[in-house]
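A.B. asks: Just one file: coords10.pdb, with PDB, C-alpha atoms.
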ATOM      1  CA  MET M   1      13.121 -67.494  -5.511  1.00  0.00           C
ATOM      2  CA  SER M   2      12.282 -64.138  -4.137  1.00  0.00           C
ATOM      3  CA  GLY M   3      12.969 -60.813  -5.817  1.00  0.00           C
ATOM      4  CA  PRO M   4      14.879 -57.941  -4.332  1.00  0.00           C
ATOM      5  CA  SER M   5      13.156 -56.439  -1.364  1.00  0.00           C
ATOM      6  CA  PHE M   6      12.721 -52.701  -1.364  1.00  0.00           C
ATOM      7  CA  GLN M   7      12.312 -50.769   1.747  1.00  0.00           C
ATOM      8  CA  VAL M   8      10.298 -47.564   1.449  1.00  0.00           C
ATOM      9  CA  ARG M   9      11.841 -44.859   3.545  1.00  0.00           C
ATOM     10  CA  TYR M  10      10.753 -41.346   4.077  1.00  0.00           C
ATOM     11  CA  ASN M  11      11.760 -38.647   6.434  1.00  0.00           C
ATOM     12  CA  ALA M  12       8.622 -37.365   8.155  1.00  0.00           C
ATOM     13  CA  THR M  13      10.408 -34.370   9.654  1.00  0.00           C
ATOM     14  CA  LYS M  14      11.774 -33.277   6.284  1.00  0.00           C
ATOM     15  CA  MET M  15       8.354 -33.686   4.671  1.00  0.00           C
ATOM     16  CA  ARG M  16       6.722 -31.670   7.458  1.00  0.00           C
ATOM     17  CA  HIS M  17       9.240 -28.824   7.015  1.00  0.00           C
ATOM     18  CA  LYS M  18       8.702 -28.744   3.254  1.00  0.00           C
ATOM     19  CA  THR M  19       4.940 -28.659   3.684  1.00  0.00           C
ATOM     20  CA  THR M  20       5.135 -25.894   6.274  1.00  0.00           C
ATOM     21  CA  LEU M  21       7.467 -23.851   4.076  1.00  0.00           C
ATOM     22  CA  GLY M  22       5.149 -24.305   1.095  1.00  0.00           C
ATOM     23  CA  VAL M  23       2.123 -23.126   3.063  1.00  0.00           C
ATOM     24  CA  LEU M  24       3.994 -20.064   4.355  1.00  0.00           C
ATOM     25  CA  VAL M  25       5.187 -19.086   0.874  1.00  0.00           C
ATOM     26  CA  LEU M  26       1.657 -19.479  -0.498  1.00  0.00           C
ATOM     27  CA  ALA M  27       0.177 -17.384   2.334  1.00  0.00           C
ATOM     28  CA  LEU M  28       2.769 -14.653   1.817  1.00  0.00           C
ATOM     29  CA  ALA M  29       2.106 -14.565  -1.922  1.00  0.00           C
ATOM     30  CA  MET M  30      -1.633 -14.265  -1.351  1.00  0.00           C
ATOM     31  CA  CYS M  31      -1.189 -11.421   1.122  1.00  0.00           C
ATOM     32  CA  ALA M  32       1.171  -9.547  -1.173  1.00  0.00           C
ATOM     33  CA  CYS M  33      -1.224  -9.717  -4.116  1.00  0.00           C
ATOM     34  CA  GLY M  34      -4.211  -8.387  -2.247  1.00  0.00           C
ATOM     35  CA  SER M  35      -2.633  -5.618  -0.248  1.00  0.00           C
ATOM     36  CA  ASP M  36      -3.322  -1.942  -0.754  1.00  0.00           C
ATOM     37  CA  THR M  37      -0.085  -0.177  -1.714  1.00  0.00           C
ATOM     38  CA  ARG M  38      -1.258   3.374  -1.131  1.00  0.00           C
ATOM     39  CA  GLU M  39       0.531   5.639   1.290  1.00  0.00           C
ATOM     40  CA  TRP M  40      -1.402   7.611   3.892  1.00  0.00           C
ATOM     41  CA  MET M  41      -0.534  10.612   6.030  1.00  0.00           C
ATOM     42  CA  LYS M  42      -2.124  13.208   8.309  1.00  0.00           C
ATOM     43  CA  LEU M  43      -1.537  16.766   7.180  1.00  0.00           C
ATOM     44  CA  ASP M  44      -2.442  18.742  10.275  1.00  0.00           C
ATOM     45  CA  GLN M  45      -1.069  16.607  13.112  1.00  0.00           C
ATOM     46  CA  THR M  46       1.754  14.316  14.104  1.00  0.00           C
ATOM     47  CA  TYR M  47       1.196  10.574  14.363  1.00  0.00           C
ATOM     48  CA  THR M  48       3.070   7.413  15.189  1.00  0.00           C
ATOM     49  CA  THR M  49       3.423   4.206  13.230  1.00  0.00           C
ATOM     50  CA  ALA M  50       1.396   2.434  15.916  1.00  0.00           C
ATOM     51  CA  GLU M  51      -1.496   4.883  15.420  1.00  0.00           C
ATOM     52  CA  PHE M  52      -1.413   4.328  11.671  1.00  0.00           C
ATOM     53  CA  ARG M  53      -1.372   0.536  12.033  1.00  0.00           C
ATOM     54  CA  ARG M  54      -4.255   0.681  14.505  1.00  0.00           C
ATOM     55  CA  ASP M  55      -6.392   2.834  12.200  1.00  0.00           C
ATOM     56  CA  LEU M  56      -5.456   0.714   9.190  1.00  0.00           C
ATOM     57  CA  GLN M  57      -6.493  -2.462  10.996  1.00  0.00           C
ATOM     58  CA  GLU M  58      -9.759  -0.973  12.252  1.00  0.00           C
ATOM     59  CA  CYS M  59     -10.659   0.377   8.792  1.00  0.00           C
ATOM     60  CA  THR M  60      -9.933  -2.896   6.991  1.00  0.00           C
ATOM     61  CA  VAL M  61     -13.045  -5.037   6.580  1.00  0.00           C
ATOM     62  CA  LYS M  62     -12.795  -8.504   4.972  1.00  0.00           C
ATOM     63  CA  GLY M  63      -9.374  -7.661   3.528  1.00  0.00           C
ATOM     64  CA  LYS M  64     -10.572  -4.431   1.876  1.00  0.00           C
ATOM     65  CA  LEU M  65      -9.564  -0.991   3.113  1.00  0.00           C
ATOM     66  CA  ASP M  66     -12.458   1.445   3.664  1.00  0.00           C
ATOM     67  CA  ASP M  67     -11.275   4.823   2.353  1.00  0.00           C
ATOM     68  CA  ASP M  68     -14.073   6.753   4.048  1.00  0.00           C
ATOM     69  CA  CYS M  69     -13.103   5.278   7.423  1.00  0.00           C
ATOM     70  CA  MET M  70      -9.478   6.373   6.966  1.00  0.00           C
ATOM     71  CA  LYS M  71     -10.539   9.851   5.848  1.00  0.00           C
ATOM     72  CA  ALA M  72     -12.882  10.174   8.845  1.00  0.00           C
ATOM     73  CA  ARG M  73      -9.881   9.543  11.100  1.00  0.00           C
ATOM     74  CA  GLY M  74      -7.919  12.349   9.430  1.00  0.00           C
ATOM     75  CA  TRP M  75      -5.819  10.322   6.953  1.00  0.00           C
ATOM     76  CA  VAL M  76      -5.173  11.525   3.413  1.00  0.00           C
ATOM     77  CA  ALA M  77      -4.099   9.160   0.622  1.00  0.00           C
ATOM     78  CA  VAL M  78      -0.770  10.374  -0.788  1.00  0.00           C
ATOM     79  CA  THR M  79      -0.924   8.016  -3.769  1.00  0.00           C
ATOM     80  CA  PRO M  80      -4.230   7.364  -5.536  1.00  0.00           C
ATOM     81  CA  PRO M  81      -5.639   3.842  -5.787  1.00  0.00           C
ATOM     82  CA  LYS M  82      -4.611   1.802  -8.834  1.00  0.00           C
ATOM     83  CA  ALA M  83      -7.961   2.334 -10.562  1.00  0.00           C
ATOM     84  CA  GLU M  84      -7.587   6.117 -10.410  1.00  0.00           C
ATOM     85  CA  GLN M  85      -3.954   6.384 -11.535  1.00  0.00           C
ATOM     86  CA  LYS M  86      -4.612   6.291 -15.290  1.00  0.00           C
ATOM     87  CA  LYS M  87      -7.381   8.864 -15.555  1.00  0.00           C
ATOM     88  CA  GLU M  88      -6.835  11.284 -18.404  1.00  0.00           C
ATOM     89  CA  ASP M  89      -7.798  14.910 -18.444  1.00  0.00           C
ATOM     90  CA  PRO M  90     -10.887  15.182 -20.683  1.00  0.00           C
ATOM     91  CA  LEU M  91      -9.895  18.693 -21.730  1.00  0.00           C
ATOM     92  CA  SER M  92      -6.393  17.789 -22.859  1.00  0.00           C
ATOM     93  CA  LEU M  93      -5.612  17.481 -26.547  1.00  0.00           C
ATOM     94  CA  PRO M  94      -4.703  14.161 -28.138  1.00  0.00           C
ATOM     95  CA  ALA M  95      -0.982  13.608 -28.695  1.00  0.00           C
ATOM     96  CA  GLY M  96       0.362  15.298 -31.824  1.00  0.00           C
ATOM     97  CA  ARG M  97      -2.527  17.729 -32.223  1.00  0.00           C
ATOM     98  CA  GLY M  98      -2.257  21.385 -31.633  1.00  0.00           C
ATOM     99  CA  PRO M  99      -4.982  23.961 -31.062  1.00  0.00           C
ATOM    100  CA  ARG M 100      -7.166  24.894 -34.036  1.00  0.00           C
ATOM    101  CA  ARG M 101      -6.411  28.120 -35.811  1.00  0.00           C
TER     102      ARG M 101
END
As structure tokens, what does this structure read like?
C.D. replies:
Amino acid sequence: MSGPSFQVRYNATKMRHKTTLGVLVLALAMCACGSDTREWMKLDQTYTTAEFRRDLQECTVKGKLDDDCMKARGWVAVTPPKAEQKKEDPLSLPAGRGPRR
């Protein structure tokens, strides 16, 4: 007496598409997390998007943007980097305190 025979079936094409989609989503997530979100502009001259992309690519080394390289090419950061955004003024008074009398 033999038991029921099971036939293992899989769809190689479907598995390949799922794997490819998974790799693409992972790559996109990794790129989004490590990207610099600052905005740059040139104050004294006009520029094109292609010029900006070229300078951005040439000033990016090992996934890290070199600020000095961008500044040497005439770019000014419109928004400060994340580390500099929360700096407090050392001369400002703490909240709820007025000047001494």
A.B. asks: For a quick check of understanding, using all atoms listed in the file, which of M:Arg9, M:Thr37, M:Arg16, M:Val25 has the smallest distance to Ala77 of chain M?
C.D. replies: M:Thr37
A.B. asks: List, as a PDB file with C-alpha atoms, in the coordinates of the input, every residue that the PyMOL selection byres ((chain M and resi 69-72) around 12) selects in the file provided.
C.D. replies:
ATOM      1  CA  ARG M  38      -1.258   3.374  -1.131  1.00  0.00           C
ATOM      2  CA  GLU M  39       0.531   5.639   1.290  1.00  0.00           C
ATOM      3  CA  TRP M  40      -1.402   7.611   3.892  1.00  0.00           C
ATOM      4  CA  MET M  41      -0.534  10.612   6.030  1.00  0.00           C
ATOM      5  CA  LYS M  42      -2.124  13.208   8.309  1.00  0.00           C
ATOM      6  CA  LEU M  43      -1.537  16.766   7.180  1.00  0.00           C
ATOM      7  CA  GLU M  51      -1.496   4.883  15.420  1.00  0.00           C
ATOM      8  CA  PHE M  52      -1.413   4.328  11.671  1.00  0.00           C
ATOM      9  CA  ARG M  53      -1.372   0.536  12.033  1.00  0.00           C
ATOM     10  CA  ARG M  54      -4.255   0.681  14.505  1.00  0.00           C
ATOM     11  CA  ASP M  55      -6.392   2.834  12.200  1.00  0.00           C
ATOM     12  CA  LEU M  56      -5.456   0.714   9.190  1.00  0.00           C
ATOM     13  CA  GLN M  57      -6.493  -2.462  10.996  1.00  0.00           C
ATOM     14  CA  GLU M  58      -9.759  -0.973  12.252  1.00  0.00           C
ATOM     15  CA  CYS M  59     -10.659   0.377   8.792  1.00  0.00           C
ATOM     16  CA  THR M  60      -9.933  -2.896   6.991  1.00  0.00           C
ATOM     17  CA  VAL M  61     -13.045  -5.037   6.580  1.00  0.00           C
ATOM     18  CA  LYS M  64     -10.572  -4.431   1.876  1.00  0.00           C
ATOM     19  CA  LEU M  65      -9.564  -0.991   3.113  1.00  0.00           C
ATOM     20  CA  ASP M  66     -12.458   1.445   3.664  1.00  0.00           C
ATOM     21  CA  ASP M  67     -11.275   4.823   2.353  1.00  0.00           C
ATOM     22  CA  ASP M  68     -14.073   6.753   4.048  1.00  0.00           C
ATOM     23  CA  ARG M  73      -9.881   9.543  11.100  1.00  0.00           C
ATOM     24  CA  GLY M  74      -7.919  12.349   9.430  1.00  0.00           C
ATOM     25  CA  TRP M  75      -5.819  10.322   6.953  1.00  0.00           C
ATOM     26  CA  VAL M  76      -5.173  11.525   3.413  1.00  0.00           C
ATOM     27  CA  ALA M  77      -4.099   9.160   0.622  1.00  0.00           C
ATOM     28  CA  VAL M  78      -0.770  10.374  -0.788  1.00  0.00           C
TER      29      VAL M  78
END
A.B. asks: What does the distance between atom CA of Tyr47 of chain M and atom CA of Gly63 of chain M come to in Å, to one decimal place?
C.D. replies: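 Here the two named atoms are 23.7 Å from each other.
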A.B. asks: Just give me the gap between atom CA of Gly22 of chain M and atom CA of Gln7 of chain M in Å, one decimal is fine.
C.D. replies: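 Pair atom CA of Gly22 of chain M / atom CA of Gln7 of chain M returns 27.4 Å.
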A.B. asks: Between atom CA of Thr49 of chain M and atom CA of Pro80 of chain M, measure the distance and give it in Å to one decimal.
C.D. replies: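 Distance reported for this atom pair: 20.5 Å.
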